[in-house]
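Enquirer: Below is the file run06.txt, which contains compact mmCIF, C-alpha atoms.
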```txt
# COMPACT_ATOMS: atom_id res chain seq x y z
CA MET R 1 -18.80 0.82 -11.44
CA THR R 2 -15.70 -0.30 -13.30
CA LYS R 3 -12.22 0.56 -12.12
CA LYS R 4 -11.88 2.98 -15.05
CA GLU R 5 -15.13 4.71 -14.07
CA LYS R 6 -13.92 4.96 -10.48
CA ALA R 7 -10.60 6.40 -11.59
CA ASN R 8 -12.27 9.00 -13.84
CA TYR R 9 -14.65 10.01 -11.04
CA ILE R 10 -11.79 10.33 -8.54
CA LEU R 11 -9.74 12.46 -10.96
CA LYS R 12 -12.68 14.77 -11.67
CA GLU R 13 -13.68 15.28 -8.04
CA LEU R 14 -10.15 15.80 -6.75
CA GLU R 15 -9.45 18.33 -9.48
CA LYS R 16 -12.50 20.30 -8.32
CA LEU R 17 -11.34 20.23 -4.71
CA TYR R 18 -7.63 20.80 -5.25
CA PRO R 19 -6.90 22.56 -8.57
CA THR R 20 -3.50 23.57 -7.21
CA THR R 21 -1.22 21.29 -5.24
CA PRO R 22 1.62 23.02 -3.41
CA VAL R 23 4.12 20.59 -1.93
CA PRO R 24 3.27 20.38 1.80
CA LEU R 25 6.92 20.32 2.87
CA ASP R 26 8.70 23.68 2.76
CA HIS R 27 11.86 23.54 0.65
CA LYS R 28 13.84 25.56 -1.90
CA ASP R 29 15.57 22.90 -3.98
CA ALA R 30 16.07 19.17 -4.45
CA TYR R 31 18.43 18.86 -1.48
CA THR R 32 16.17 20.59 1.04
CA LEU R 33 13.18 18.60 -0.25
CA LEU R 34 15.14 15.37 0.13
CA ILE R 35 15.98 16.22 3.74
CA ALA R 36 12.42 17.33 4.51
CA VAL R 37 10.89 14.14 3.10
CA LEU R 38 13.41 12.05 5.03
CA LEU R 39 12.42 13.86 8.23
CA SER R 40 8.71 13.33 7.53
CA ALA R 41 8.92 9.58 8.16
CA GLN R 42 6.57 8.90 11.09
CA CYS R 43 6.25 12.66 11.60
CA THR R 44 3.69 15.22 10.46
CA ASP R 45 4.49 17.70 7.71
CA GLU R 46 3.50 20.49 10.07
CA ARG R 47 6.16 19.50 12.57
CA VAL R 48 8.78 19.04 9.87
CA ASN R 49 8.06 22.56 8.60
CA LYS R 50 8.74 23.90 12.09
CA ILE R 51 12.07 22.10 12.35
CA THR R 52 13.59 22.52 8.89
CA PRO R 53 14.00 26.33 9.16
CA LEU R 54 16.19 25.72 12.21
CA LEU R 55 18.22 23.07 10.43
CA PHE R 56 18.47 24.90 7.11
CA SER R 57 19.52 28.15 8.78
CA LYS R 58 22.69 26.27 9.73
CA ALA R 59 22.98 24.01 6.70
CA ASP R 60 20.82 24.06 3.56
CA ASN R 61 23.34 22.26 1.36
CA PRO R 62 25.55 19.17 1.73
CA PHE R 63 28.77 21.16 2.16
CA ASN R 64 27.48 23.00 5.22
CA MET R 65 25.64 19.95 6.57
CA VAL R 66 28.84 17.93 6.93
CA LYS R 67 30.34 20.78 8.93
CA LEU R 68 27.83 19.91 11.64
CA SER R 69 28.29 16.84 13.79
CA ILE R 70 25.72 14.05 13.77
CA GLU R 71 24.90 14.99 17.36
CA GLU R 72 24.30 18.63 16.41
CA ILE R 73 21.92 17.51 13.67
CA ARG R 74 20.19 15.11 16.04
CA LEU R 75 19.51 17.79 18.63
CA ILE R 76 17.90 20.04 16.03
CA ILE R 77 15.69 17.37 14.47
CA ARG R 78 14.79 15.56 17.71
CA PRO R 79 11.12 16.71 17.67
CA CYS R 80 10.66 14.82 14.37
CA GLY R 81 11.30 11.47 16.04
CA LEU R 82 13.79 8.72 15.17
CA SER R 83 16.43 11.44 15.48
CA PRO R 84 19.56 9.23 15.87
CA LYS R 85 18.77 7.29 12.70
CA LYS R 86 17.67 10.36 10.71
CA ALA R 87 20.66 12.46 11.82
CA TYR R 88 23.07 9.73 10.75
CA ALA R 89 21.31 9.42 7.40
CA ILE R 90 21.33 13.19 6.77
CA PHE R 91 25.02 13.50 7.58
CA THR R 92 26.06 10.41 5.63
CA LEU R 93 23.99 11.11 2.51
CA SER R 94 25.42 14.64 2.49
CA GLN R 95 28.92 13.18 2.49
CA ILE R 96 28.00 10.88 -0.39
CA LEU R 97 26.48 13.72 -2.41
CA ILE R 98 29.74 15.66 -2.06
CA GLU R 99 32.00 12.70 -2.81
CA LYS R 100 30.04 11.20 -5.73
CA TYR R 101 27.87 13.97 -7.18
CA ASN R 102 29.70 17.26 -6.52
CA GLY R 103 27.11 18.15 -3.90
CA GLU R 104 24.17 17.78 -6.29
CA VAL R 105 21.15 15.52 -5.79
CA PRO R 106 21.22 12.95 -8.62
CA GLU R 107 18.29 13.01 -11.02
CA ASP R 108 18.05 9.23 -11.00
CA ILE R 109 15.66 7.24 -8.82
CA LEU R 110 17.99 4.26 -8.48
CA LEU R 111 20.88 6.46 -7.35
CA LEU R 112 18.59 8.25 -4.91
CA GLU R 113 17.46 4.94 -3.42
CA GLU R 114 21.09 4.06 -2.72
CA LEU R 115 21.42 7.01 -0.33
CA PRO R 116 21.12 6.30 3.42
CA GLY R 117 17.61 6.80 4.76
CA VAL R 118 16.11 7.23 1.28
CA GLY R 119 13.48 4.68 0.33
CA HIS R 120 11.44 4.35 -2.84
CA LYS R 121 8.73 6.75 -1.69
CA THR R 122 11.20 9.48 -0.73
CA ALA R 123 13.09 9.06 -3.98
CA SER R 124 9.82 9.19 -5.93
CA VAL R 125 8.78 12.45 -4.25
CA VAL R 126 12.09 14.10 -5.14
CA MET R 127 11.98 12.80 -8.72
CA SER R 128 8.42 14.06 -9.20
CA GLN R 129 8.41 17.35 -7.31
CA SER R 130 11.98 18.53 -7.90
CA PHE R 131 12.72 17.09 -11.32
CA GLY R 132 9.26 16.73 -12.86
CA HIS R 133 9.45 13.03 -13.69
CA PRO R 134 6.09 11.22 -13.61
CA MET R 135 6.00 9.25 -10.37
CA PHE R 136 3.29 8.00 -8.05
CA PRO R 137 4.70 8.04 -4.51
CA VAL R 138 2.49 5.87 -2.32
CA ASP R 139 2.43 6.15 1.46
CA THR R 140 0.14 4.36 3.90
CA HIS R 141 -2.55 7.06 3.53
CA ILE R 142 -2.72 6.76 -0.25
CA HIS R 143 -2.65 2.98 0.05
CA ARG R 144 -5.60 3.13 2.45
CA LEU R 145 -7.72 5.38 0.23
CA LEU R 146 -6.99 3.61 -3.05
CA THR R 147 -7.91 0.34 -1.38
CA ARG R 148 -11.11 1.87 -0.01
CA TRP R 149 -11.94 3.28 -3.45
CA GLY R 150 -11.47 -0.06 -5.16
CA ILE R 151 -8.49 1.00 -7.27
CA THR R 152 -6.26 -1.63 -5.71
CA SER R 153 -6.49 -4.79 -3.68
CA GLY R 154 -2.76 -4.66 -3.09
CA LYS R 155 -1.48 -5.88 0.23
CA ASN R 156 1.36 -3.37 0.31
CA VAL R 157 2.39 -0.01 -1.12
CA VAL R 158 4.42 -1.64 -3.91
CA GLU R 159 1.36 -3.37 -5.35
CA THR R 160 -0.75 -0.26 -4.81
CA GLU R 161 1.73 1.87 -6.78
CA LYS R 162 1.55 -0.55 -9.72
CA ASP R 163 -2.26 -0.54 -9.66
CA ALA R 164 -2.41 3.25 -9.38
CA LYS R 165 -0.13 3.70 -12.38
CA LYS R 166 -2.36 1.39 -14.41
CA ALA R 167 -5.58 3.13 -13.34
CA PHE R 168 -4.61 6.78 -13.79
CA PRO R 169 -3.00 8.55 -16.77
CA LYS R 170 0.71 9.22 -16.40
CA GLU R 171 0.29 12.98 -16.78
CA SER R 172 -1.87 13.03 -13.63
CA TRP R 173 0.46 11.14 -11.29
CA ASN R 174 2.56 13.95 -9.82
CA LYS R 175 -0.46 16.09 -8.98
CA LEU R 176 -2.84 13.27 -8.10
CA HIS R 177 -0.77 11.74 -5.34
CA LEU R 178 -0.81 15.12 -3.55
CA GLN R 179 -4.54 15.56 -4.18
CA ILE R 180 -5.22 12.18 -2.56
CA ILE R 181 -3.10 13.13 0.45
CA PHE R 182 -4.98 16.43 0.81
CA TYR R 183 -8.34 14.66 0.51
CA GLY R 184 -7.39 12.05 3.10
CA ARG R 185 -6.35 14.68 5.61
CA GLU R 186 -9.48 16.76 5.12
CA TYR R 187 -12.19 14.17 4.57
CA SER R 188 -10.91 10.75 5.56
CA PRO R 189 -8.22 10.77 8.25
CA ALA R 190 -7.22 7.30 9.44
CA ARG R 191 -7.63 7.93 13.17
CA SER R 192 -10.94 9.79 13.10
CA PRO R 193 -12.72 9.03 9.83
CA LYS R 194 -15.41 11.54 8.87
CA LYS R 195 -17.78 9.06 7.25
CA ASN R 196 -20.44 11.67 6.54
CA LYS R 197 -17.91 13.93 4.76
CA ASP R 198 -15.93 11.27 2.86
CA TYR R 199 -18.17 11.67 -0.17
CA ILE R 200 -15.87 10.03 -2.72
CA THR R 201 -15.85 6.78 -0.75
CA ASN R 202 -19.58 7.06 -0.09
CA THR R 203 -20.39 7.75 -3.75
CA ILE R 204 -18.23 4.93 -5.08
CA GLY R 205 -19.67 2.54 -2.52
CA THR R 206 -23.29 3.56 -3.26
CA LYS R 207 -22.89 3.30 -7.03
CA ALA R 208 -21.17 -0.06 -6.71
CA ALA R 209 -23.94 -1.35 -4.47
CA ILE R 210 -26.63 -0.14 -6.91
CA LEU R 211 -24.90 -1.79 -9.86
CA GLU R 212 -24.62 -5.06 -7.97
CA LEU R 213 -28.40 -5.07 -7.46
CA VAL R 214 -29.21 -4.44 -11.13
```
Mind turning this structure into structure tokens?

Expert:
Amino acid sequence: MTKKEKANYILKELEKLYPTTPVPLDHKDAYTLLIAVLLSAQCTDERVNKITPLLFSKADNPFNMVKLSIEEIRLIIRPCGLSPKKAYAIFTLSQILIEKYNGEVPEDILLLEELPGVGHKTASVVMSQSFGHPMFPVDTHIHRLLTRWGITSGKNVVETEKDAKKAFPKESWNKLHLQIIFYGREYSPARSPKKNKDYITNTIGTKAAILELV
């Protein structure tokens, strides 16, 4: 099974399973998505979605966020973990957005990556889901599945992103990265893999094994 055949099979099966891909993090605009993705580091989307309504009821834009103290932000977001670091980042990036971009989130991945607490993956999510630019955000879950499916042999998410962009058509990227996340959560979670249900991995592995014997 060639890499192209694997990629086509993955696209077809994931489209059957997840024809629609709502963004898992509740948000209303680029700023609230940026904050939600920042909070999701080492935290579940479910927990983030419980915390952001509390935070956004007080401040859902940079101008109101800087009216809060870092400690006030920290107390609200504490259940998301890493709260001192995240609170500082949220407050500081809000200041920068006001000072440099009139309170708007810049539609530029390099400018986004300059903001405190915003890495390449976070910036890619905002660029793809808020602004519609073709991006392929790769987290550890996507890296794990694409490695298991033989799309990449990359040793890190940077290499995996490059391989994913080569394997899949650009018009599929924004939707596909969410489809892979949904599949991983439902069929192939890292901590308790459901080997009998992870049929994409099983199918790719079986076909590859058969081809090797021919």

Enquirer: If I take atom CA of R:Glu114 and atom CA of R:Val126, how far is one from the other in Å, to one decimal?

Expert: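 Interatomic distance, atom CA of R:Glu114 to atom CA of R:Val126: 13.7 Å.
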
Enquirer: Need the shell around stretch 87-97 of chain R: protein/DNA/RNA residues with any atom at most 10 Å away, counting all atoms listed in the file. Skip same-chain ones fewer than 4 positions apart. Format as an NGL selection string?

Expert: :R and (31 or 34-35 or 38-39 or 61-78 or 82-83 or 101-106 or 112 or 114-118)

Enquirer: One decimal, Å: what's the distance from atom CA of R:Lys121 over to atom CA of R:Leu176, could you say?

Expert: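 We find that atom CA of R:Lys121 and atom CA of R:Leu176 lie 14.7 Å from each other.
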
Enquirer: What's the separation between atom CA of R:Lys166 and atom CA of R:Met135, in Å to one decimal place?

Expert: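 We find that atom CA of R:Lys166 and atom CA of R:Met135 lie 12.2 Å from each other.
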
Enquirer: Which residue out of R:Glu159, R:Tyr199, R:Lys50, R:Ile204 has the minimum interatomic distance to R:Glu186 when all atoms listed in the file are used?

Expert: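 For R:Glu186, the nearest of the candidates is R:Tyr199.
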
Enquirer: Between R:Pro137, R:Pro24, R:Gly150, R:Gly81, single out the one closest to R:Cys43, counting only C-alpha atoms.

Expert: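 Nearest to R:Cys43: R:Gly81.
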
Enquirer: Counting only C-alpha atoms, which residue out of R:Phe182, R:Phe56, R:Tyr18, R:Trp173 sits closest to R:Ser128?

Expert: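 Under the stated criterion, the closest residue is R:Trp173.
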
Enquirer: Given only C-alpha atoms as the basis, pick out the residue of R:Leu25, R:His133, R:Ile98, R:Gly184 nearest to R:Val37.

Expert: R:Leu25

Enquirer: Enclose stretch 38-43 of chain R, meaning all of its atoms listed in the file, in a box aligned along x, y and z, pad it by 5 Å on each side, and list the centre and edge lengths in Å to one decimal, as AutoDock Vina command-line options.

Expert:
```
--center_x 9.8 --center_y 11.4 --center_z 8.3 --size_x 17.2 --size_y 15.0 --size_z 16.6
```

Enquirer: Just checking: using all atoms listed in the file, which residue out of R:Ser57, R:Asn49, R:Ser40, R:Asn8 ends up closest to R:Lys86?

Expert: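 Among the listed residues, the smallest separation from R:Lys86 belongs to R:Ser40.
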
Enquirer: What's the 7 Å shell around R:Ile151, counting all atoms listed in the file, without same-chain residues fewer than 5 positions away, as a PyMOL selection string?

Expert: chain R and resi 3+146+163-164

Enquirer: Closest to R:His143 among R:Ile180, R:Ser130, R:Asp29, R:Val125, using only C-alpha atoms?

Expert: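 Nearest to R:His143: R:Ile180.
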
Enquirer: Find the residues with any atom within 12 Å of (-2.2, -4.2, 2.4); use only C-alpha atoms and the coordinates as given in the file, and write the answer as a list in words.

Expert: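 Those within range, by chain then number, are Asp139, Thr140, His141, Ile142, His143, Arg144, Leu145, Leu146, Thr147, Arg148, Thr152, Ser153, Gly154, Lys155, Asn156, Val157, Val158, Glu159, Thr160 and Glu161 of chain R.
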